[in-house]
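Reading through the structure tokens given below for one structure.
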There are 2 protein chains.
Amino acid sequence: MAHSQEETRNKILEETEKLYRHYGYAKTTISDISEACGMSSANIYRFFPSKSALTEAICSNVIHGIEQRLSEVANSPGTASERLLKFIQVMYQVTLENLLDNRKVHELVVFAMTEQWLTLRTHLEHIEELYAVIIKDGVETGEFPPCDVARAAKTVQAAAVTLCHPEVVAMKLDDDDRATPEEIAALIINALKHRATEL
Amino acid sequence: MAHSQEETRNKILEETEKLYRHYGYAKTTISDISEACGMSSANIYRFFPSKSALTEAICSNVIHGIEQRLSEVANSPGTASERLLKFIQVMYQVTLENLLDNRKVHELVVFAMTEQWLTLRTHLEHIEELYAVIIKDGVETGEFPPCDVARAAKTVQAAAVTLCHPEVVAMKLDDDDRATPEEIAALIINALKHRATEL
DNA sequence: AGAATGAATATTTTTGAAATTCTTCATTCT
DNA sequence: AGAATGAAGAATTTCAAAAATATTCATTCT
């Protein structure tokens with residue numbers, strides 16, 4: 001029964017992610033994956049040039065999912081302030097999920113931070129663009145005073161990094177008096193609403 | 001020639017820091033240190049219970065120096081806004097210095113982040129207190145509208161973490177279009193000046 | 001006595017060979 | 001022919017012994 005190339009590829013991605021979540025990245029071998037897929041190790045290599053590339057693909061998928069979720073928030077109805085708040089809340093929540101709900105996935109984050117550095121950077125750029133979308137809307141509707149949207153997005157992103165960088169978030173986790181996403185969002189929204197004298 | 005306990009202790013700290021800066025933390029042995037001090041390895045242990053404790057003491061010194069520098073800025077003359085800007089600039093500069101000017105010192109940061117976690121946390125608390133000093137002054141002079149100073153300090157600290165967390169700073173280093181300390185300071189100052197509706 | 005040490009012990013790091021895992025490719029299967 | 005594989009070769013990881021380093025302590029020195 002001929003499965004399409006695409007189907008097989010997806011099957012591999014699916015099974016691999018399952019194994020990663022169950023046993024962790026390090027303990028999952030290509031043999032494990034090929035067995036789970038009911039094929040030979042060698043066959044995996046007809047679809048992915050290396051284990052690293054396979055892992056990258058999974059990271060990309062995860063990241064793409066996150067971006068989709070965030071994109072929906074950025075483009076949802078409501079005022080710019082409302083969306084910005086929601087955006088920051090969701091971003092924080094996603095980070096927490098990936099950090100805590102599944103410790104195994106954290107290995108993937110580490111992998112991404114080292115080998116997959118470019119993908120991560122692109123991800124941050126995309127988030128920046130989403131900030132820009134919201135801020136641009138806010139300026140156009142008069143909710144925020146005019147400003148250099150691109151710079152503003154970059155600055156907001158930097159200020160919010162404390163909520164999406166795994167290392168930073170992890171460090172602050174057991175400080176139960178830490179600044180909340182809501183407080184940081186309020187800070188950012190306040191600044192955008194009242195952008196006064198240029199520095 | 002009887003040196004005082006205190007003198008010997010300082011000699012050890014001095015020589016050890018010298019060696020750390022030259023050869024790095026990992027490659028410096030207790031033997032190296034005792035030789036540099038002209039004494040036996042065993043004698044080091046009369047002053048410090050372990051290599052780890054000795055390193056902690058050095059970290060504390062470095063951190064204390066940073067805090068002193070920042071404290072001066074926080075308590076300098078000028079408006080709260082001016083001091084806040086300067087504070088953030090100096091904090092960023094210090095981080096850059098410790099990160100780049102001396103790669104060897106970075107090992108110490110890593111050490112501090114793992115073994116010396118409590119010291120680091122205290123350091124962050126002190127910085128938070130310095131933020132609180134500036135913000136409190138701003139509120140008292142009417143430069144900032146009234147607010148919960150402690151919460152504001154915590155939030156500002158979180159937003160500025162992107163400028164003082166070594167990992168984060170390092171990551172953004174080769175992005176030459178990154179948000180500047182001045183931009184982030186402007187964001188924060190704007191927010192403080194116009195703290196409007198509570199969230 | 002208190003300061004300092006050399007030598008002994010405990011802990012950590014390094015090393016190199018064995019085992020595991022990744023990757024390739026000539027061959028088989030459909 | 002294209003899909004898939006088993007077996008061979010590279011690369012990486014593991015693990016235990018050896019080396020280096022940290023730490024202790026009985027003894028020496030002043």
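Ordered as shown in the structure tokens, chains take letters A, B, and onward, while each chain numbers its residues from 1 and ligands are numbered from 1 in the order shown.
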
Determine, for each residue of chain A having at least one atom at most 10 Å from an atom of chain B, the closest pair of atoms and their separation in Å to one decimal, counting only C-alpha atoms; order by chain and ascending number, as a tab-separated table.
```
residue	atom	partner	partner_atom	distance
A:Leu85	CA	B:Leu199	CA	9.5
A:Met113	CA	B:Met171	CA	9.6
A:Trp117	CA	B:Met171	CA	9.4
A:Arg121	CA	B:Met171	CA	9.2
A:Arg151	CA	B:Ala179	CA	7.4
A:Ala152	CA	B:Glu183	CA	8.5
A:Ala153	CA	B:Ala179	CA	9.3
A:Lys154	CA	B:Ala179	CA	5.9
A:Thr155	CA	B:Ala179	CA	5.2
A:Val156	CA	B:Ile184	CA	8.0
A:Gln157	CA	B:Ala179	CA	8.7
A:Ala158	CA	B:Thr162	CA	6.1
A:Ala159	CA	B:Ala159	CA	4.4
A:Ala160	CA	B:Ala159	CA	6.2
A:Val161	CA	B:Thr162	CA	6.4
A:Thr162	CA	B:Ala158	CA	6.1
A:Leu163	CA	B:Ala158	CA	8.6
A:His165	CA	B:Val168	CA	8.1
A:Glu167	CA	B:Glu167	CA	8.2
A:Val168	CA	B:His165	CA	8.0
A:Met171	CA	B:Arg121	CA	9.3
A:Lys172	CA	B:Arg121	CA	9.4
A:Asp175	CA	B:Arg121	CA	9.8
A:Asp177	CA	B:Lys154	CA	8.9
A:Arg178	CA	B:Lys154	CA	7.1
A:Ala179	CA	B:Thr155	CA	5.2
A:Thr180	CA	B:Thr155	CA	7.9
A:Pro181	CA	B:Thr155	CA	9.3
A:Glu182	CA	B:Leu199	CA	7.5
A:Glu183	CA	B:Thr155	CA	6.5
A:Ile184	CA	B:Thr155	CA	6.0
A:Ala185	CA	B:Leu199	CA	8.8
A:Ala186	CA	B:Leu199	CA	6.1
A:Leu187	CA	B:Ala191	CA	5.5
A:Ile188	CA	B:Ala191	CA	6.8
A:Ile189	CA	B:Ala191	CA	7.8
A:Asn190	CA	B:Ala191	CA	4.9
A:Ala191	CA	B:Ala191	CA	4.1
A:Leu192	CA	B:Leu187	CA	7.7
A:Lys193	CA	B:Ala191	CA	8.6
A:His194	CA	B:His194	CA	6.5
A:Arg195	CA	B:Asn190	CA	6.3
A:Ala196	CA	B:Asn190	CA	6.9
A:Thr197	CA	B:Asn190	CA	8.5
A:Glu198	CA	B:Ala186	CA	7.8
A:Leu199	CA	B:Ala186	CA	6.1
```

**Study point:** Distance-based interface of chain A with chain D, 10 Å, counting only C-alpha atoms (C1' of nucleotides), as a list in words
**Key:**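 Here they are: Ala2, Met39, Ser40, Ser41, Ala42, Asn43 and Arg46 of chain A.
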
Would you mind exporting N, CA and C atoms of the selected residues as a PDB file, in the first residue's frame?
```pdb
ATOM      1  N   ALA A   2       0.907   1.936  -1.084  1.00  0.00           N
ATOM      2  CA  ALA A   2       1.817   3.076  -1.214  1.00  0.00           C
ATOM      3  C   ALA A   2       1.296   4.289  -0.458  1.00  0.00           C
ATOM      4  N   MET A  39       9.699   0.825  10.195  1.00  0.00           N
ATOM      5  CA  MET A  39      10.583   0.812   9.026  1.00  0.00           C
ATOM      6  C   MET A  39      12.032   0.705   9.483  1.00  0.00           C
ATOM      7  N   SER A  40      12.948   0.656   8.543  1.00  0.00           N
ATOM      8  CA  SER A  40      14.356   0.545   8.900  1.00  0.00           C
ATOM      9  C   SER A  40      14.944   1.913   9.214  1.00  0.00           C
ATOM     10  N   SER A  41      16.036   1.901   9.952  1.00  0.00           N
ATOM     11  CA  SER A  41      16.726   3.152  10.262  1.00  0.00           C
ATOM     12  C   SER A  41      17.085   3.884   8.974  1.00  0.00           C
ATOM     13  N   ALA A  42      17.598   3.106   8.046  1.00  0.00           N
ATOM     14  CA  ALA A  42      18.079   3.715   6.800  1.00  0.00           C
ATOM     15  C   ALA A  42      16.987   4.508   6.113  1.00  0.00           C
ATOM     16  N   ASN A  43      15.784   4.028   6.237  1.00  0.00           N
ATOM     17  CA  ASN A  43      14.687   4.685   5.519  1.00  0.00           C
ATOM     18  C   ASN A  43      14.414   6.096   6.052  1.00  0.00           C
ATOM     19  N   ARG A  46      15.961   8.733   4.091  1.00  0.00           N
ATOM     20  CA  ARG A  46      15.417   9.142   2.790  1.00  0.00           C
ATOM     21  C   ARG A  46      14.552  10.389   2.968  1.00  0.00           C
TER      22      ARG A  46
END
```

Review point. Once you count only C-alpha atoms (C1' of nucleotides), which residues of chain A turn out to be within 10 Å of chain C? Could you give them as a PyMOL selection string?
Key: chain A and resi 29-31+41-42+45+49-51

Practice item. Tell me, as a list in words, which residues lie within 8 Å of Glu67 of chain A, counting only C-alpha atoms (C1' of nucleotides); anything in the same chain fewer than 4 positions away does not count. Key: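 The residues that qualify are Ile63, Ser71, His123, His126 and Ile127 of chain A.
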
Revision key, fill the gap. note - atom CA of Ile44 of chain B and atom CA of Ile12 of chain B are separated by 7.6 Å

Review point. When distances are computed from only C-alpha atoms, which of A:Ala57, A:Val139, A:Ala112, A:Leu100 shows the smallest separation from Asn10 of chain A?
Key: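 Comparing A:Ala57, A:Val139, A:Ala112, A:Leu100 against Asn10 of chain A, the winner is A:Ala57.
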
Point to revise | Picked from segment 8-154 of chain A by DSSP as alpha helix (DSSP H), as a PyMOL selection string | key: chain A and resi 8-23+30-37+41-44+51-74+80-96+103-114+117-140+149-154

Review point. If we count only C-alpha atoms (C1' of nucleotides), what is near Leu96 of chain B at a cut-off of 9 Å, once residues fewer than 6 positions away on the same chain are taken out, given as a ChimeraX atom specification?
Key: /B:163-164,166,169-170

Output N, CA and C atoms for every residue in the selection just made, as a PDB file, in the first residue's frame.
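Contents of the output file again.pdb:
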```
ATOM      1  N   LEU B 163      18.960  43.727  29.834  1.00  0.00           N
ATOM      2  CA  LEU B 163      20.219  44.475  29.769  1.00  0.00           C
ATOM      3  C   LEU B 163      21.255  44.001  30.774  1.00  0.00           C
ATOM      4  N   CYS B 164      20.847  43.129  31.704  1.00  0.00           N
ATOM      5  CA  CYS B 164      21.829  42.727  32.720  1.00  0.00           C
ATOM      6  C   CYS B 164      21.961  41.221  32.872  1.00  0.00           C
ATOM      7  N   PRO B 166      23.430  38.002  31.656  1.00  0.00           N
ATOM      8  CA  PRO B 166      24.520  37.673  30.740  1.00  0.00           C
ATOM      9  C   PRO B 166      24.073  36.880  29.519  1.00  0.00           C
ATOM     10  N   VAL B 169      22.002  39.132  27.171  1.00  0.00           N
ATOM     11  CA  VAL B 169      22.849  40.156  26.554  1.00  0.00           C
ATOM     12  C   VAL B 169      23.747  39.527  25.495  1.00  0.00           C
ATOM     13  N   ALA B 170      24.350  38.401  25.842  1.00  0.00           N
ATOM     14  CA  ALA B 170      25.251  37.726  24.904  1.00  0.00           C
ATOM     15  C   ALA B 170      24.524  37.360  23.620  1.00  0.00           C
TER      16      ALA B 170
END
```

**Study point:** Separation of atom CA of Gly138 of chain B from atom CA of Pro77 of chain B in Å
**Key:**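 Going from atom CA of Pro77 of chain B over to atom CA of Gly138 of chain B, I get 12.1 Å.
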